[in-house]
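One structure is given here, and the rest of the page talks about it.
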Amino acid sequence: MKTEKFNITGMTCAACQAAITRNVSKLPGVEKVEVSLLSNQMQVSFDEKTTDAGQIIRTVEGIGYGASLPGEAASGGQNDFRSEWKDRRKREEDEQKSMKRRLFSSIAILIPLMYIAMGAMMGLPVPGILTGMENSLISALTQLLLTIPVLVLNRKFFTTGLKALWKRSPNMDSLVAIGSGASFLYGLFSIYRMAYGFGHGDMELVHQYAHELYFESSAMILTLVTVGKYLEARSKARTSDALGKLVELAPKTAVVLRGGMEQTIPAEQVIAGDILVIRPGESIPVDGVVTEGSGYVDQSAITGESIPVEKGPGDTVISASINQNGTFRFRASKVGGDTTLAQIIRLVDEAGNSKAPIARLADRVSGIFVPTVIAIAVITGIAWILLGKDFEFALSSAISVLVISCPCALGLATPVAIMVGTGKAAEYGILIKSAESLENLHSIDTLVLDKTGTITSGHPEVTDIRVFDRELSEGDFLRLAASLESGSEHPLAEAVVERAKERGISLLPAEDFQSVSGRGVKATLGGRHFLAGNAAFMKENGLLGEASIGETSIGEAMKAFAAEGKTPLLFAREDSIIGVIAVADTVKESSRRAIEAFREMGLSVIMLTGDNRITAEAIRRELGLQEAISDVLPTEKEAHIRALQQQGHKVAMVGDGINDAPALTRADIGIAIGAGTDVAIESADVVLMKDSLQDVVTAIELSRAVVRNIHMNLFWAFFYNILGIPVAAGVLYPLFGIRLSPMIGSAAMSMSSVCVVTNALRLRFFKPKETSSQQESRQETEGTESTDRMSDPAQKQEKKEDKEGEAKMKKIMKVNGMMCPHCQAHVTKALADIPGVASVEVSLENKEAVMELSGDVPDETLMAAVKEAGYEPLGVERG
């Protein structure tokens, strides 16, 4: 099965779109057809053995439209996304320029035409040769000569519309061509009748037909429709702004090492395996892996992360991200159309051009709408003649029905909103693969979350430290524990060592280190024998007794940690246990906020994990989840999703691993964490560039906003036609004397399309809502001052005393080496983890850290923590 993209010309409305889709779908071997009215492109999946691109092009041309394959530059080559975008933009710009010239030329001719036709009735001074009954034929011929250039300038309506009508696939152009053409032909008929009257001395006949010239209506219809199409084209161009911004992110040049020399080459010439050099302020042209050097890279344009990410040897870098400081080299791994940026652009483009289920209703209506309108117009004309009205009245009503009923708004209602919505999602680092996924997201009622890497961080961290030896402080115990574990490569051991580093604790040298698989480690520190490991290891060495801290025994502490889903590590010196450190895969703060938001949305949240029941239940209680399904084998995840669907639930699954791929495919909506595996990403309908559940909240909110916008657009598009056609046909005329002229009808039709596109563009201002906790936090911060002002004097005095007490425990440290918000976060974390430090505020601008202490913390401890974090402390002062 081959998928090919075609450029389509001549489409003007949903009826065109429906006609092309219908006829191409009938070809043998064609499996899927997607026609985009926005980008004027068609994507066809077909069997090459049964049909080919040439036959598809001939089919499209056979029903009155143009079709062609994109040029070589746009369809192939390493940098095809940029070439294709330039090709598309050039076609759009050329079309807009052509339409603009046509519009202004038409207006320039229409003004004198309207002046001649309507000037005398409005009391305007008109040249004598064009006024009076004796000069009525001269006036008529002058109007004819002015109308012909307008028809020629806008001949596209006739060539496309009449050809489509002949091929039995009438479209909007067909309605305009019939309406304008009928007016013009009736004007010619009137000239012949006037000439006959002059020749036979029948001045009454001349007078009658002098007032039945429809040349100005013919020209006005074409001009007003062109005004609407021009405004519509300009508005449609704005819907792809997000896509254009993504394309512009791609660097145009790259510095590569070839033959030992640095060369600056066009980015599209970079090949996989090249070594590239990146200096401060430069954009990264392709994806790759850092080989030497380091730097802080701003990935916000791609992933939405606000803080620059530190990159060193072995780390991956993403195309279009910006190196803020540092110099490094990296090896290109993905180039051209394979880069992350190119894939994002392709996904956003394909999603915008794909068909949402709700759009199929508009397509079905559009397919029969135009023939129905033509039939209504004919019936309207005949009905008024039968009711005794003259031919002019009947023709005017029929033409009004034709021009007010063009289904442009109907065809634009869905695709414009989808295009803006997917582009907006990309700005937040959310890639939605299809319009169907964007629409279906709003209807889910159950959210199934994987645990590791989705709800939790995916790597263990120290959560609790208990010291049983009264002679040891917590810091001293942590130094011994980390020194003992420093020789181990076990993830739990790495968590202990990492916590010591964060606290600025220097390690002791370990001798005679020995690792016992599945049990623990042994080593000698300072001439004394130490052990670290699980309870079984301690029992084997006869060390697990009833030592306690307060009334809680070691065994009870171990049970308490296990009940909370934490893994306890016991540490012993010689013949006694000196402490325990609990380690767990901690819940991400963003996951807490997201799950709260899911509850506020009314969603049922279920955790699906292969972890044990105790750990799963602990996290369920901590987060307030409806259900936690534990001990699930990778092959069973898909079955659990299917069971939920069989119960009638609309299920979205969020995961990041290979074992999640079947479940992601089975779910109504599969959502892959961008930091996950390629298999999971390929299986998903939505990809999150960041590993934050908060983006799932944003995606659902955006989906709901888009669907509301589409419903609004479709309502007004249908309502407009349901209301407009009867009024144009004259149903209100017998009772109220109200009827629409063809000119007013064509103006109304044009503005309806502009209104629909403008309404969809409101989605560009979409912003995610705050959860209740986020609102409360912000309100508390903003309301602190006002609360202080409203407090009674006693409370004010109490707060004043508190502040004075806190001021006595304030210390200020000057810190050198901070370059960015990432550095600021490093220093803040290093100081905040020190016992006795109540709060920390680090100023990047002033290069200082202001600490409020709840106890006496030595200056040396504070400075050591900052130094361990990689920065230079310049001394501590009391505040």
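Simple scheme: letters A, B, ... for chains in structure tokens order, numbers from 1 for residues in each chain, numbers from 1 for ligands in the order shown.
Those residues in range 194-291 of chain A carrying a DSSP assignment of strand (DSSP E), computed from the backbone, are A:Thr253, A:Ala254, A:Val255, A:Val256, A:Leu257, A:Arg258, A:Met261, A:Glu262, A:Gln263, A:Thr264, A:Ile265, A:Pro266, A:Ile275, A:Leu276, A:Val277, A:Ile278, A:Asp287, A:Gly288, A:Val289, A:Val290, A:Thr291.
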Need to verify the contact set: Gln694 in chain A, 9 Å, only C-alpha atoms, exclusion of same-chain residues closer than 5 positions in sequence. Can you return it as a short mmCIF file (atom, residue, chain, number, x, y, z; two decimals) with N, CA, C and O atoms, in the first residue's frame?
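Ended up saving to part.cif:
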data_model
loop_
_atom_site.label_atom_id
_atom_site.label_comp_id
_atom_site.auth_asym_id
_atom_site.auth_seq_id
_atom_site.Cartn_x
_atom_site.Cartn_y
_atom_site.Cartn_z
N SER A 590 4.22 17.29 39.18
CA SER A 590 3.32 17.59 38.05
C SER A 590 2.20 16.54 37.96
O SER A 590 1.08 16.84 37.54
N SER A 591 2.51 15.29 38.37
CA SER A 591 1.49 14.24 38.35
C SER A 591 0.40 14.51 39.38
O SER A 591 -0.78 14.27 39.14
N ARG A 592 0.80 15.02 40.56
CA ARG A 592 -0.19 15.35 41.59
C ARG A 592 -1.17 16.39 41.06
O ARG A 592 -2.39 16.26 41.20
N ARG A 593 -0.61 17.46 40.48
CA ARG A 593 -1.48 18.53 39.98
C ARG A 593 -2.38 18.03 38.85
O ARG A 593 -3.56 18.40 38.78
N ALA A 594 -1.81 17.18 37.99
CA ALA A 594 -2.59 16.68 36.85
C ALA A 594 -3.74 15.80 37.32
O ALA A 594 -4.86 15.92 36.83
N ILE A 595 -3.47 14.92 38.27
CA ILE A 595 -4.52 14.00 38.75
C ILE A 595 -5.63 14.78 39.43
O ILE A 595 -6.81 14.45 39.31
N ALA A 597 -6.48 17.78 38.56
CA ALA A 597 -7.22 18.39 37.44
C ALA A 597 -8.13 17.37 36.77
O ALA A 597 -9.26 17.69 36.38
N ALA A 699 -4.07 18.89 26.81
CA ALA A 699 -4.59 18.28 25.58
C ALA A 699 -6.10 18.08 25.65
O ALA A 699 -6.82 18.35 24.68
#
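For the atom pair formed by CA of Ala117 in chain A and CA of Ser397 in chain A, the distance is 20.0 Å, given to one decimal.
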*asked:* Taking 6 positions as the minimum chain separation for residues in the same chain, which residues sit within 9 Å of range 258-266 of chain A when counting only C-alpha atoms? Answer as a VMD selection string.
replied: chain A and resid 251 to 252 274 to 277
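For the set A:Ala140, A:Leu507, A:Ala672, A:Ala582, the residue with the smallest atom-to-atom gap to Glu461 in chain A is A:Ala582, counting only C-alpha atoms.
The closest residue to Ser183 in chain A, picked from A:Lys559, A:Thr142, A:Ile430, A:Phe391 and counting only C-alpha atoms, is A:Phe391.
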